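**Q** Below is my_file-v1.pdb; it holds PDB, C-alpha atoms, pLDDT in the B column.
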```pdb
ATOM      1  CA  MET A   1     133.861 131.478 107.049  1.00 54.00           C
ATOM      2  CA  GLY A   2     136.139 129.317 109.173  1.00 55.00           C
ATOM      3  CA  ALA A   3     136.421 125.545 108.920  1.00 55.00           C
ATOM      4  CA  GLY A   4     134.519 125.105 112.195  1.00 53.00           C
ATOM      5  CA  MET A   5     131.622 127.285 111.034  1.00 51.00           C
ATOM      6  CA  ALA A   6     131.456 125.529 107.649  1.00 52.00           C
ATOM      7  CA  SER A   7     131.391 122.167 109.402  1.00 52.00           C
ATOM      8  CA  GLY A   8     128.657 123.409 111.741  1.00 49.00           C
ATOM      9  CA  ALA A   9     126.646 124.693 108.786  1.00 50.00           C
ATOM     10  CA  ARG A  10     126.924 121.298 107.061  1.00 51.00           C
ATOM     11  CA  ILE A  11     125.787 119.526 110.221  1.00 48.00           C
ATOM     12  CA  ALA A  12     122.843 121.920 110.606  1.00 44.00           C
ATOM     13  CA  ALA A  13     121.908 121.403 106.955  1.00 44.00           C
ATOM     14  CA  ALA A  14     122.091 117.623 107.380  1.00 39.00           C
ATOM     15  CA  ILE A  15     119.854 117.797 110.459  1.00 40.00           C
ATOM     16  CA  LEU A  16     117.369 119.979 108.569  1.00 41.00           C
ATOM     17  CA  VAL A  17     117.274 117.566 105.624  1.00 39.00           C
ATOM     18  CA  ALA A  18     116.820 114.607 107.981  1.00 36.00           C
ATOM     19  CA  ALA A  19     113.980 116.385 109.765  1.00 37.00           C
ATOM     20  CA  VAL A  20     112.232 117.214 106.500  1.00 42.00           C
ATOM     21  CA  VAL A  21     112.636 113.687 105.144  1.00 39.00           C
ATOM     22  CA  SER A  22     111.436 112.080 108.366  1.00 37.00           C
ATOM     23  CA  ALA A  23     108.363 114.333 108.348  1.00 46.00           C
ATOM     24  CA  CYS A  24     107.331 113.007 104.930  1.00 56.00           C
ATOM     25  CA  ASN A  25     104.658 110.365 104.776  1.00 64.00           C
ATOM     26  CA  PRO A  26     106.322 107.626 102.714  1.00 84.00           C
ATOM     27  CA  TRP A  27     104.174 105.598 100.379  1.00 91.00           C
ATOM     28  CA  ARG A  28     103.616 101.955 101.180  1.00 93.00           C
ATOM     29  CA  CYS A  29     102.582 100.355  97.916  1.00 96.00           C
ATOM     30  CA  ASP A  30     100.771  97.054  98.159  1.00 97.00           C
ATOM     31  CA  PHE A  31     100.868  96.783  94.355  1.00 98.00           C
ATOM     32  CA  ASP A  32     100.765  98.837  91.174  1.00 98.00           C
ATOM     33  CA  SER A  33      97.721  99.377  88.946  1.00 98.00           C
ATOM     34  CA  HIS A  34      97.446 101.582  85.862  1.00 98.00           C
ATOM     35  CA  GLY A  35     100.741 103.218  86.813  1.00 98.00           C
ATOM     36  CA  ALA A  36      99.613 104.147  90.330  1.00 98.00           C
ATOM     37  CA  CYS A  37     100.884 102.908  93.675  1.00 98.00           C
ATOM     38  CA  ILE A  38      97.925 101.227  95.411  1.00 98.00           C
ATOM     39  CA  GLU A  39      97.888 101.256  99.204  1.00 98.00           C
ATOM     40  CA  PHE A  40      95.398  99.726 101.622  1.00 98.00           C
ATOM     41  CA  THR A  41      95.906 101.175 105.105  1.00 96.00           C
ATOM     42  CA  SER A  42      94.222  98.035 106.463  1.00 94.00           C
ATOM     43  CA  ASP A  43      95.256  94.961 104.548  1.00 92.00           C
ATOM     44  CA  PRO A  44      92.459  93.242 102.631  1.00 94.00           C
ATOM     45  CA  PRO A  45      91.963  89.519 103.363  1.00 94.00           C
ATOM     46  CA  ASP A  46      93.429  88.490  99.997  1.00 97.00           C
ATOM     47  CA  LEU A  47      95.886  90.951  98.471  1.00 97.00           C
ATOM     48  CA  ALA A  48      96.089  89.106  95.130  1.00 98.00           C
ATOM     49  CA  ALA A  49      92.298  89.205  94.800  1.00 98.00           C
ATOM     50  CA  ALA A  50      92.309  92.893  95.797  1.00 98.00           C
ATOM     51  CA  LYS A  51      94.760  93.623  92.972  1.00 98.00           C
ATOM     52  CA  VAL A  52      92.489  91.940  90.424  1.00 98.00           C
ATOM     53  CA  ARG A  53      89.525  93.945  91.770  1.00 98.00           C
ATOM     54  CA  VAL A  54      91.412  97.276  91.775  1.00 98.00           C
ATOM     55  CA  ASP A  55      92.604  96.648  88.206  1.00 98.00           C
ATOM     56  CA  ALA A  56      88.996  95.970  87.170  1.00 98.00           C
ATOM     57  CA  LEU A  57      87.704  98.983  89.117  1.00 98.00           C
ATOM     58  CA  LEU A  58      90.146 101.310  87.396  1.00 98.00           C
ATOM     59  CA  ASP A  59      89.308  99.700  84.043  1.00 98.00           C
ATOM     60  CA  ARG A  60      85.698 100.809  84.680  1.00 98.00           C
ATOM     61  CA  GLU A  61      86.277 104.195  86.331  1.00 98.00           C
ATOM     62  CA  LEU A  62      89.195 105.772  84.462  1.00 98.00           C
ATOM     63  CA  PRO A  63      87.400 105.899  81.081  1.00 98.00           C
ATOM     64  CA  TYR A  64      84.512 107.882  82.625  1.00 97.00           C
ATOM     65  CA  TRP A  65      86.948 110.794  82.901  1.00 97.00           C
ATOM     66  CA  GLY A  66      88.831 110.014  79.688  1.00 97.00           C
ATOM     67  CA  LEU A  67      91.791 108.608  81.619  1.00 98.00           C
ATOM     68  CA  SER A  68      93.795 105.418  81.200  1.00 98.00           C
ATOM     69  CA  HIS A  69      96.856 105.858  83.405  1.00 96.00           C
ATOM     70  CA  LEU A  70      97.777 107.453  86.754  1.00 97.00           C
ATOM     71  CA  GLY A  71     101.572 107.329  86.565  1.00 95.00           C
ATOM     72  CA  GLY A  72     103.395 108.766  89.551  1.00 96.00           C
ATOM     73  CA  TRP A  73     100.321 108.909  91.787  1.00 98.00           C
ATOM     74  CA  ARG A  74      99.135 106.882  94.767  1.00 98.00           C
ATOM     75  CA  ILE A  75      95.613 105.652  95.419  1.00 98.00           C
ATOM     76  CA  GLN A  76      95.059 105.001  99.093  1.00 97.00           C
ATOM     77  CA  PHE A  77      92.077 103.030 100.411  1.00 98.00           C
ATOM     78  CA  ARG A  78      91.508 103.753 104.111  1.00 95.00           C
ATOM     79  CA  THR A  79      88.915 102.860 106.728  1.00 94.00           C
ATOM     80  CA  THR A  80      88.843 106.103 108.687  1.00 91.00           C
ATOM     81  CA  LEU A  81      87.633 109.673 108.201  1.00 86.00           C
ATOM     82  CA  ASP A  82      90.790 110.828 109.982  1.00 86.00           C
ATOM     83  CA  HIS A  83      92.529 112.165 106.892  1.00 87.00           C
ATOM     84  CA  PRO A  84      93.170 115.897 106.615  1.00 85.00           C
ATOM     85  CA  CYS A  85      92.411 117.354 103.200  1.00 87.00           C
ATOM     86  CA  TYR A  86      93.571 120.918 102.699  1.00 83.00           C
ATOM     87  CA  LEU A  87      91.400 122.919 105.163  1.00 82.00           C
ATOM     88  CA  ALA A  88      89.224 119.992 106.289  1.00 83.00           C
ATOM     89  CA  ALA A  89      90.323 117.863 109.252  1.00 84.00           C
ATOM     90  CA  GLU A  90      88.430 114.794 107.963  1.00 81.00           C
ATOM     91  CA  SER A  91      87.469 113.546 104.533  1.00 88.00           C
ATOM     92  CA  GLU A  92      85.666 110.804 102.650  1.00 90.00           C
ATOM     93  CA  GLY A  93      88.047 111.451  99.799  1.00 93.00           C
ATOM     94  CA  CYS A  94      90.904 113.762  98.976  1.00 94.00           C
ATOM     95  CA  THR A  95      92.920 114.488  95.855  1.00 94.00           C
ATOM     96  CA  ASP A  96      96.224 115.918  97.019  1.00 94.00           C
ATOM     97  CA  TYR A  97      98.130 117.489  94.135  1.00 94.00           C
ATOM     98  CA  ILE A  98     101.208 118.144  96.289  1.00 94.00           C
ATOM     99  CA  ASP A  99     101.654 114.550  97.502  1.00 94.00           C
ATOM    100  CA  LYS A 100     100.137 113.160  94.278  1.00 97.00           C
ATOM    101  CA  THR A 101      97.764 111.043  96.345  1.00 96.00           C
ATOM    102  CA  ILE A 102      94.113 110.161  95.902  1.00 97.00           C
ATOM    103  CA  SER A 103      92.900 108.943  99.282  1.00 95.00           C
ATOM    104  CA  VAL A 104      89.417 107.473  99.701  1.00 96.00           C
ATOM    105  CA  ARG A 105      87.573 106.113 102.701  1.00 96.00           C
ATOM    106  CA  ILE A 106      85.993 102.693 102.389  1.00 96.00           C
ATOM    107  CA  PRO A 107      82.490 103.192 103.830  1.00 95.00           C
ATOM    108  CA  PRO A 108      82.137 101.498 107.235  1.00 94.00           C
ATOM    109  CA  GLN A 109      79.039  99.622 106.032  1.00 94.00           C
ATOM    110  CA  ALA A 110      80.796  98.373 102.860  1.00 95.00           C
ATOM    111  CA  SER A 111      81.271  94.806 104.164  1.00 95.00           C
ATOM    112  CA  GLY A 112      84.502  94.293 102.233  1.00 95.00           C
ATOM    113  CA  CYS A 113      83.383  96.172  99.115  1.00 97.00           C
ATOM    114  CA  PHE A 114      86.113  98.805  98.740  1.00 97.00           C
ATOM    115  CA  GLU A 115      84.668  99.559  95.299  1.00 97.00           C
ATOM    116  CA  ALA A 116      81.976 101.601  97.109  1.00 97.00           C
ATOM    117  CA  SER A 117      84.531 104.254  98.099  1.00 97.00           C
ATOM    118  CA  GLU A 118      84.272 107.585  96.282  1.00 96.00           C
ATOM    119  CA  LEU A 119      87.202 106.886  93.966  1.00 97.00           C
ATOM    120  CA  LEU A 120      85.259 107.904  90.841  1.00 97.00           C
ATOM    121  CA  HIS A 121      84.601 111.283  92.492  1.00 96.00           C
ATOM    122  CA  GLU A 122      88.265 111.815  93.372  1.00 96.00           C
ATOM    123  CA  LEU A 123      89.358 110.781  89.882  1.00 97.00           C
ATOM    124  CA  GLY A 124      87.160 113.647  88.693  1.00 96.00           C
ATOM    125  CA  HIS A 125      89.122 116.068  90.863  1.00 95.00           C
ATOM    126  CA  TYR A 126      92.358 114.578  89.512  1.00 96.00           C
ATOM    127  CA  LYS A 127      91.240 115.031  85.900  1.00 97.00           C
ATOM    128  CA  LEU A 128      89.309 118.305  86.107  1.00 96.00           C
ATOM    129  CA  GLY A 129      91.021 120.154  88.973  1.00 93.00           C
ATOM    130  CA  ASP A 130      87.516 121.361  89.833  1.00 89.00           C
ATOM    131  CA  PRO A 131      86.951 121.601  93.612  1.00 88.00           C
ATOM    132  CA  MET A 132      83.588 123.356  93.151  1.00 88.00           C
ATOM    133  CA  HIS A 133      82.073 120.630  90.931  1.00 93.00           C
ATOM    134  CA  SER A 134      81.140 123.175  88.247  1.00 94.00           C
ATOM    135  CA  ASN A 135      81.884 120.987  85.205  1.00 94.00           C
ATOM    136  CA  ASP A 136      78.805 119.288  83.721  1.00 94.00           C
ATOM    137  CA  LEU A 137      80.541 115.883  83.916  1.00 93.00           C
ATOM    138  CA  TRP A 138      79.899 115.857  87.689  1.00 95.00           C
ATOM    139  CA  LYS A 139      76.158 115.520  87.081  1.00 95.00           C
ATOM    140  CA  GLY A 140      76.564 111.913  85.916  1.00 95.00           C
ATOM    141  CA  VAL A 141      78.704 110.620  88.794  1.00 96.00           C
ATOM    142  CA  GLU A 142      75.892 109.565  91.150  1.00 95.00           C
ATOM    143  CA  ALA A 143      74.263 107.401  88.452  1.00 96.00           C
ATOM    144  CA  GLN A 144      77.547 105.501  88.013  1.00 96.00           C
ATOM    145  CA  PHE A 145      77.376 103.869  91.472  1.00 96.00           C
ATOM    146  CA  ALA A 146      75.611 100.659  90.417  1.00 97.00           C
ATOM    147  CA  PRO A 147      77.595  99.995  87.202  1.00 97.00           C
ATOM    148  CA  MET A 148      80.889 100.709  88.976  1.00 97.00           C
ATOM    149  CA  VAL A 149      80.206  98.848  92.244  1.00 97.00           C
ATOM    150  CA  TRP A 150      77.830  95.903  91.847  1.00 96.00           C
ATOM    151  CA  ASP A 151      75.861  95.829  88.589  1.00 97.00           C
ATOM    152  CA  TYR A 152      78.301  94.249  86.119  1.00 96.00           C
ATOM    153  CA  PRO A 153      79.335  90.699  85.181  1.00 95.00           C
ATOM    154  CA  ASP A 154      81.559  88.995  87.780  1.00 95.00           C
ATOM    155  CA  ALA A 155      81.034  91.731  90.394  1.00 97.00           C
ATOM    156  CA  PRO A 156      82.509  90.740  93.781  1.00 97.00           C
ATOM    157  CA  PRO A 157      79.886  88.805  95.775  1.00 97.00           C
ATOM    158  CA  GLU A 158      80.360  91.080  98.802  1.00 96.00           C
ATOM    159  CA  CYS A 159      79.508  94.118  96.642  1.00 97.00           C
ATOM    160  CA  VAL A 160      76.425  92.479  95.148  1.00 98.00           C
ATOM    161  CA  ALA A 161      75.255  91.247  98.567  1.00 97.00           C
ATOM    162  CA  ARG A 162      75.678  94.641 100.205  1.00 97.00           C
ATOM    163  CA  TYR A 163      74.627  97.054  97.454  1.00 97.00           C
ATOM    164  CA  LYS A 164      72.341  95.228  94.988  1.00 97.00           C
ATOM    165  CA  GLY A 165      69.448  97.531  94.198  1.00 96.00           C
ATOM    166  CA  VAL A 166      71.234 100.710  95.336  1.00 96.00           C
ATOM    167  CA  THR A 167      71.341 103.018  92.348  1.00 94.00           C
ATOM    168  CA  SER A 168      71.459 106.477  93.926  1.00 90.00           C
ATOM    169  CA  GLY A 169      72.233 108.306  97.127  1.00 90.00           C
ATOM    170  CA  MET A 170      75.746 106.953  97.590  1.00 93.00           C
ATOM    171  CA  TRP A 171      77.852 109.284  95.432  1.00 92.00           C
ATOM    172  CA  VAL A 172      75.892 112.538  95.623  1.00 91.00           C
ATOM    173  CA  VAL A 173      77.796 115.483  94.124  1.00 92.00           C
ATOM    174  CA  ASN A 174      76.902 118.986  95.223  1.00 89.00           C
ATOM    175  CA  ILE A 175      77.167 120.985  92.006  1.00 90.00           C
ATOM    176  CA  ASN A 176      78.914 124.356  92.368  1.00 87.00           C
ATOM    177  CA  GLN A 177      79.842 123.576  95.984  1.00 83.00           C
ATOM    178  CA  PHE A 178      82.774 122.025  97.792  1.00 78.00           C
TER     179      PHE A 178
END
```
Output the file's structure as structure tokens, nothing else.
**A**
Amino acid sequence: MGAGMASGARIAAAILVAAVVSACNPWRCDFDSHGACIEFTSDPPDLAAAKVRVDALLDRELPYWGLSHLGGWRIQFRTTLDHPCYLAAESEGCTDYIDKTISVRIPPQASGCFEASELLHELGHYKLGDPMHSNDLWKGVEAQFAPMVWDYPDAPPECVARYKGVTSGMWVVNINQF
């Protein structure tokens, strides 16, 4: 191969690498919790308070699945359904093993209570790798809504105000189905 062709091949390779890198969706970490990059696609009113709440949320939810750490992963809290997940164009939650991202939608009626997102559900996918919800552990997820979201000491006032009394119907899991 001549010098001109080798130079052209290097330029083409550089363009290809640049195109691939620019197509990637870079993580924007607002802070770190339990080894995971935490990203809010819409900034919460008080980021320091959000960090304390996310730390506490993961302290409650990770043990349900026998987890304590999510090193190398991202948890993304978003306000829109517009998030492709494998074959689905929209999703409430998605555990993406390729991008190492757990993305959850904050329900539109949550009134500032991001804890109501289906993070516990997605952590189950992370731990079990079970898209069909066939493991018996899924059967207990719906009952965890109140103790994870509003029914615990020092729960965020916005969570208590919005969800107090709600104990079922929010995190329904369809067993042996997607």
**Q** Neighbours of Trp65 (chain A) within 12 Å (all atoms listed in the file; same-chain residues fewer than 6 positions away dropped), as a list of chain:residue names?
**A**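 Contacts, in chain order: A:Leu58, A:Asp59, A:Leu119, A:Leu120, A:His121, A:Glu122, A:Leu123, A:Gly124, A:His125, A:Tyr126, A:Lys127, A:Leu128, A:Gly129, A:Asn135, A:Asp136, A:Leu137, A:Trp138, A:Gly140, A:Val141, A:Gln144.
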**Q** Can you give me, as a JSON list (two decimals) with C-alpha atoms, keeping the file's coordinate frame, the residues this file yields under the PyMOL selection byres ((chain A and resi 90-103) around 9)?
**A**
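Contents of the output file out-v3.json:
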```json
[["chain", "number", "residue", "atom", "x", "y", "z"],
["A", 25, "ASN", "CA", 104.66, 110.36, 104.78],
["A", 72, "GLY", "CA", 103.40, 108.77, 89.55],
["A", 73, "TRP", "CA", 100.32, 108.91, 91.79],
["A", 74, "ARG", "CA", 99.14, 106.88, 94.77],
["A", 75, "ILE", "CA", 95.61, 105.65, 95.42],
["A", 76, "GLN", "CA", 95.06, 105.00, 99.09],
["A", 77, "PHE", "CA", 92.08, 103.03, 100.41],
["A", 78, "ARG", "CA", 91.51, 103.75, 104.11],
["A", 80, "THR", "CA", 88.84, 106.10, 108.69],
["A", 81, "LEU", "CA", 87.63, 109.67, 108.20],
["A", 82, "ASP", "CA", 90.79, 110.83, 109.98],
["A", 83, "HIS", "CA", 92.53, 112.16, 106.89],
["A", 84, "PRO", "CA", 93.17, 115.90, 106.62],
["A", 85, "CYS", "CA", 92.41, 117.35, 103.20],
["A", 86, "TYR", "CA", 93.57, 120.92, 102.70],
["A", 88, "ALA", "CA", 89.22, 119.99, 106.29],
["A", 89, "ALA", "CA", 90.32, 117.86, 109.25],
["A", 104, "VAL", "CA", 89.42, 107.47, 99.70],
["A", 105, "ARG", "CA", 87.57, 106.11, 102.70],
["A", 106, "ILE", "CA", 85.99, 102.69, 102.39],
["A", 107, "PRO", "CA", 82.49, 103.19, 103.83],
["A", 117, "SER", "CA", 84.53, 104.25, 98.10],
["A", 118, "GLU", "CA", 84.27, 107.58, 96.28],
["A", 119, "LEU", "CA", 87.20, 106.89, 93.97],
["A", 121, "HIS", "CA", 84.60, 111.28, 92.49],
["A", 122, "GLU", "CA", 88.26, 111.82, 93.37],
["A", 123, "LEU", "CA", 89.36, 110.78, 89.88],
["A", 125, "HIS", "CA", 89.12, 116.07, 90.86],
["A", 126, "TYR", "CA", 92.36, 114.58, 89.51]]
```
**Q** When the PyMOL selection byres ((chain A and resi 177) around 7) is applied to the structure above, which residues does it catch, written out as a list in words?
**A**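 When the PyMOL selection byres ((chain A and resi 177) around 7) is applied to the shown file, the picked residues are Met132, His133, Asn174, Ile175, Asn176 and Phe178 of chain A.
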**Q** Please compute the CA of Glu115 (chain A)-CA of Arg28 (chain A) distance, one decimal, in Å.
**A** 20.0 Å
**Q** If you count all atoms listed in the file, which residues fall within 6 Å of Gly35 (chain A), apart from same-chain ones fewer than 4 positions away, as an NGL selection string?
**A** :A and (69-71)
**Q** Quick one: which residues end up in the PyMOL selection byres ((chain A and resi 171) around 7) for this structure, as a VMD selection string?
**A** chain A and resid 118 141 to 142 145 169 to 170 172 to 173
**Q** What is the CA of Phe114 (chain A) to CA of Cys159 (chain A) distance in Å?
**A**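 For CA of Phe114 (chain A) relative to CA of Cys159 (chain A), the distance reads 8.4 Å.
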**Q** Will you model N, CA and C atoms for region 40-65 of chain A and pass it back as a PDB file, in the frame of the given file?
**A**
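And here's part_1.pdb as it stands now:
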```pdb
ATOM      1  N   PHE A  40      96.495  99.960 100.684  1.00 98.00           N
ATOM      2  CA  PHE A  40      95.398  99.726 101.622  1.00 98.00           C
ATOM      3  C   PHE A  40      95.958  99.971 103.010  1.00 98.00           C
ATOM      4  N   THR A  41      95.382 100.907 103.766  1.00 96.00           N
ATOM      5  CA  THR A  41      95.906 101.175 105.105  1.00 96.00           C
ATOM      6  C   THR A  41      95.590 100.024 106.056  1.00 96.00           C
ATOM      7  N   SER A  42      94.540  99.278 105.758  1.00 94.00           N
ATOM      8  CA  SER A  42      94.222  98.035 106.463  1.00 94.00           C
ATOM      9  C   SER A  42      94.227  96.943 105.403  1.00 94.00           C
ATOM     10  N   ASP A  43      95.084  95.976 105.580  1.00 92.00           N
ATOM     11  CA  ASP A  43      95.256  94.961 104.548  1.00 92.00           C
ATOM     12  C   ASP A  43      93.960  94.209 104.258  1.00 92.00           C
ATOM     13  N   PRO A  44      93.620  94.060 102.987  1.00 94.00           N
ATOM     14  CA  PRO A  44      92.459  93.242 102.631  1.00 94.00           C
ATOM     15  C   PRO A  44      92.764  91.771 102.908  1.00 94.00           C
ATOM     16  N   PRO A  45      91.731  90.934 103.047  1.00 94.00           N
ATOM     17  CA  PRO A  45      91.963  89.519 103.363  1.00 94.00           C
ATOM     18  C   PRO A  45      92.831  88.797 102.340  1.00 94.00           C
ATOM     19  N   ASP A  46      92.686  89.156 101.068  1.00 97.00           N
ATOM     20  CA  ASP A  46      93.429  88.490  99.997  1.00 97.00           C
ATOM     21  C   ASP A  46      93.985  89.574  99.072  1.00 97.00           C
ATOM     22  N   LEU A  47      95.267  89.858  99.222  1.00 97.00           N
ATOM     23  CA  LEU A  47      95.886  90.951  98.471  1.00 97.00           C
ATOM     24  C   LEU A  47      95.887  90.681  96.967  1.00 97.00           C
ATOM     25  N   ALA A  48      96.101  89.437  96.556  1.00 98.00           N
ATOM     26  CA  ALA A  48      96.089  89.106  95.130  1.00 98.00           C
ATOM     27  C   ALA A  48      94.697  89.351  94.534  1.00 98.00           C
ATOM     28  N   ALA A  49      93.667  88.972  95.262  1.00 98.00           N
ATOM     29  CA  ALA A  49      92.298  89.205  94.800  1.00 98.00           C
ATOM     30  C   ALA A  49      91.998  90.703  94.777  1.00 98.00           C
ATOM     31  N   ALA A  50      92.504  91.436  95.761  1.00 98.00           N
ATOM     32  CA  ALA A  50      92.309  92.893  95.797  1.00 98.00           C
ATOM     33  C   ALA A  50      92.939  93.547  94.573  1.00 98.00           C
ATOM     34  N   LYS A  51      94.104  93.069  94.158  1.00 98.00           N
ATOM     35  CA  LYS A  51      94.760  93.623  92.972  1.00 98.00           C
ATOM     36  C   LYS A  51      93.895  93.418  91.734  1.00 98.00           C
ATOM     37  N   VAL A  52      93.354  92.223  91.574  1.00 98.00           N
ATOM     38  CA  VAL A  52      92.489  91.940  90.424  1.00 98.00           C
ATOM     39  C   VAL A  52      91.278  92.881  90.452  1.00 98.00           C
ATOM     40  N   ARG A  53      90.703  93.079  91.634  1.00 98.00           N
ATOM     41  CA  ARG A  53      89.525  93.945  91.770  1.00 98.00           C
ATOM     42  C   ARG A  53      89.867  95.413  91.524  1.00 98.00           C
ATOM     43  N   VAL A  54      91.014  95.885  92.016  1.00 98.00           N
ATOM     44  CA  VAL A  54      91.412  97.276  91.775  1.00 98.00           C
ATOM     45  C   VAL A  54      91.672  97.490  90.285  1.00 98.00           C
ATOM     46  N   ASP A  55      92.371  96.547  89.653  1.00 98.00           N
ATOM     47  CA  ASP A  55      92.604  96.648  88.206  1.00 98.00           C
ATOM     48  C   ASP A  55      91.272  96.784  87.469  1.00 98.00           C
ATOM     49  N   ALA A  56      90.305  95.944  87.826  1.00 98.00           N
ATOM     50  CA  ALA A  56      88.996  95.970  87.170  1.00 98.00           C
ATOM     51  C   ALA A  56      88.247  97.270  87.488  1.00 98.00           C
ATOM     52  N   LEU A  57      88.355  97.734  88.725  1.00 98.00           N
ATOM     53  CA  LEU A  57      87.704  98.983  89.117  1.00 98.00           C
ATOM     54  C   LEU A  57      88.247 100.158  88.306  1.00 98.00           C
ATOM     55  N   LEU A  58      89.554 100.229  88.180  1.00 98.00           N
ATOM     56  CA  LEU A  58      90.146 101.310  87.396  1.00 98.00           C
ATOM     57  C   LEU A  58      89.838 101.158  85.904  1.00 98.00           C
ATOM     58  N   ASP A  59      89.731  99.921  85.436  1.00 98.00           N
ATOM     59  CA  ASP A  59      89.308  99.700  84.043  1.00 98.00           C
ATOM     60  C   ASP A  59      87.913 100.285  83.801  1.00 98.00           C
ATOM     61  N   ARG A  60      87.048 100.261  84.813  1.00 98.00           N
ATOM     62  CA  ARG A  60      85.698 100.809  84.680  1.00 98.00           C
ATOM     63  C   ARG A  60      85.668 102.318  84.917  1.00 98.00           C
ATOM     64  N   GLU A  61      86.411 102.797  85.910  1.00 98.00           N
ATOM     65  CA  GLU A  61      86.277 104.195  86.331  1.00 98.00           C
ATOM     66  C   GLU A  61      87.134 105.181  85.545  1.00 98.00           C
ATOM     67  N   LEU A  62      88.333 104.817  85.174  1.00 98.00           N
ATOM     68  CA  LEU A  62      89.195 105.772  84.462  1.00 98.00           C
ATOM     69  C   LEU A  62      88.565 106.281  83.158  1.00 98.00           C
ATOM     70  N   PRO A  63      87.979 105.411  82.337  1.00 98.00           N
ATOM     71  CA  PRO A  63      87.400 105.899  81.081  1.00 98.00           C
ATOM     72  C   PRO A  63      86.278 106.927  81.262  1.00 98.00           C
ATOM     73  N   TYR A  64      85.567 106.890  82.388  1.00 97.00           N
ATOM     74  CA  TYR A  64      84.512 107.882  82.625  1.00 97.00           C
ATOM     75  C   TYR A  64      85.075 109.303  82.488  1.00 97.00           C
ATOM     76  N   TRP A  65      86.299 109.480  82.934  1.00 97.00           N
ATOM     77  CA  TRP A  65      86.948 110.794  82.901  1.00 97.00           C
ATOM     78  C   TRP A  65      87.907 110.927  81.718  1.00 97.00           C
TER      79      TRP A  65
END
```
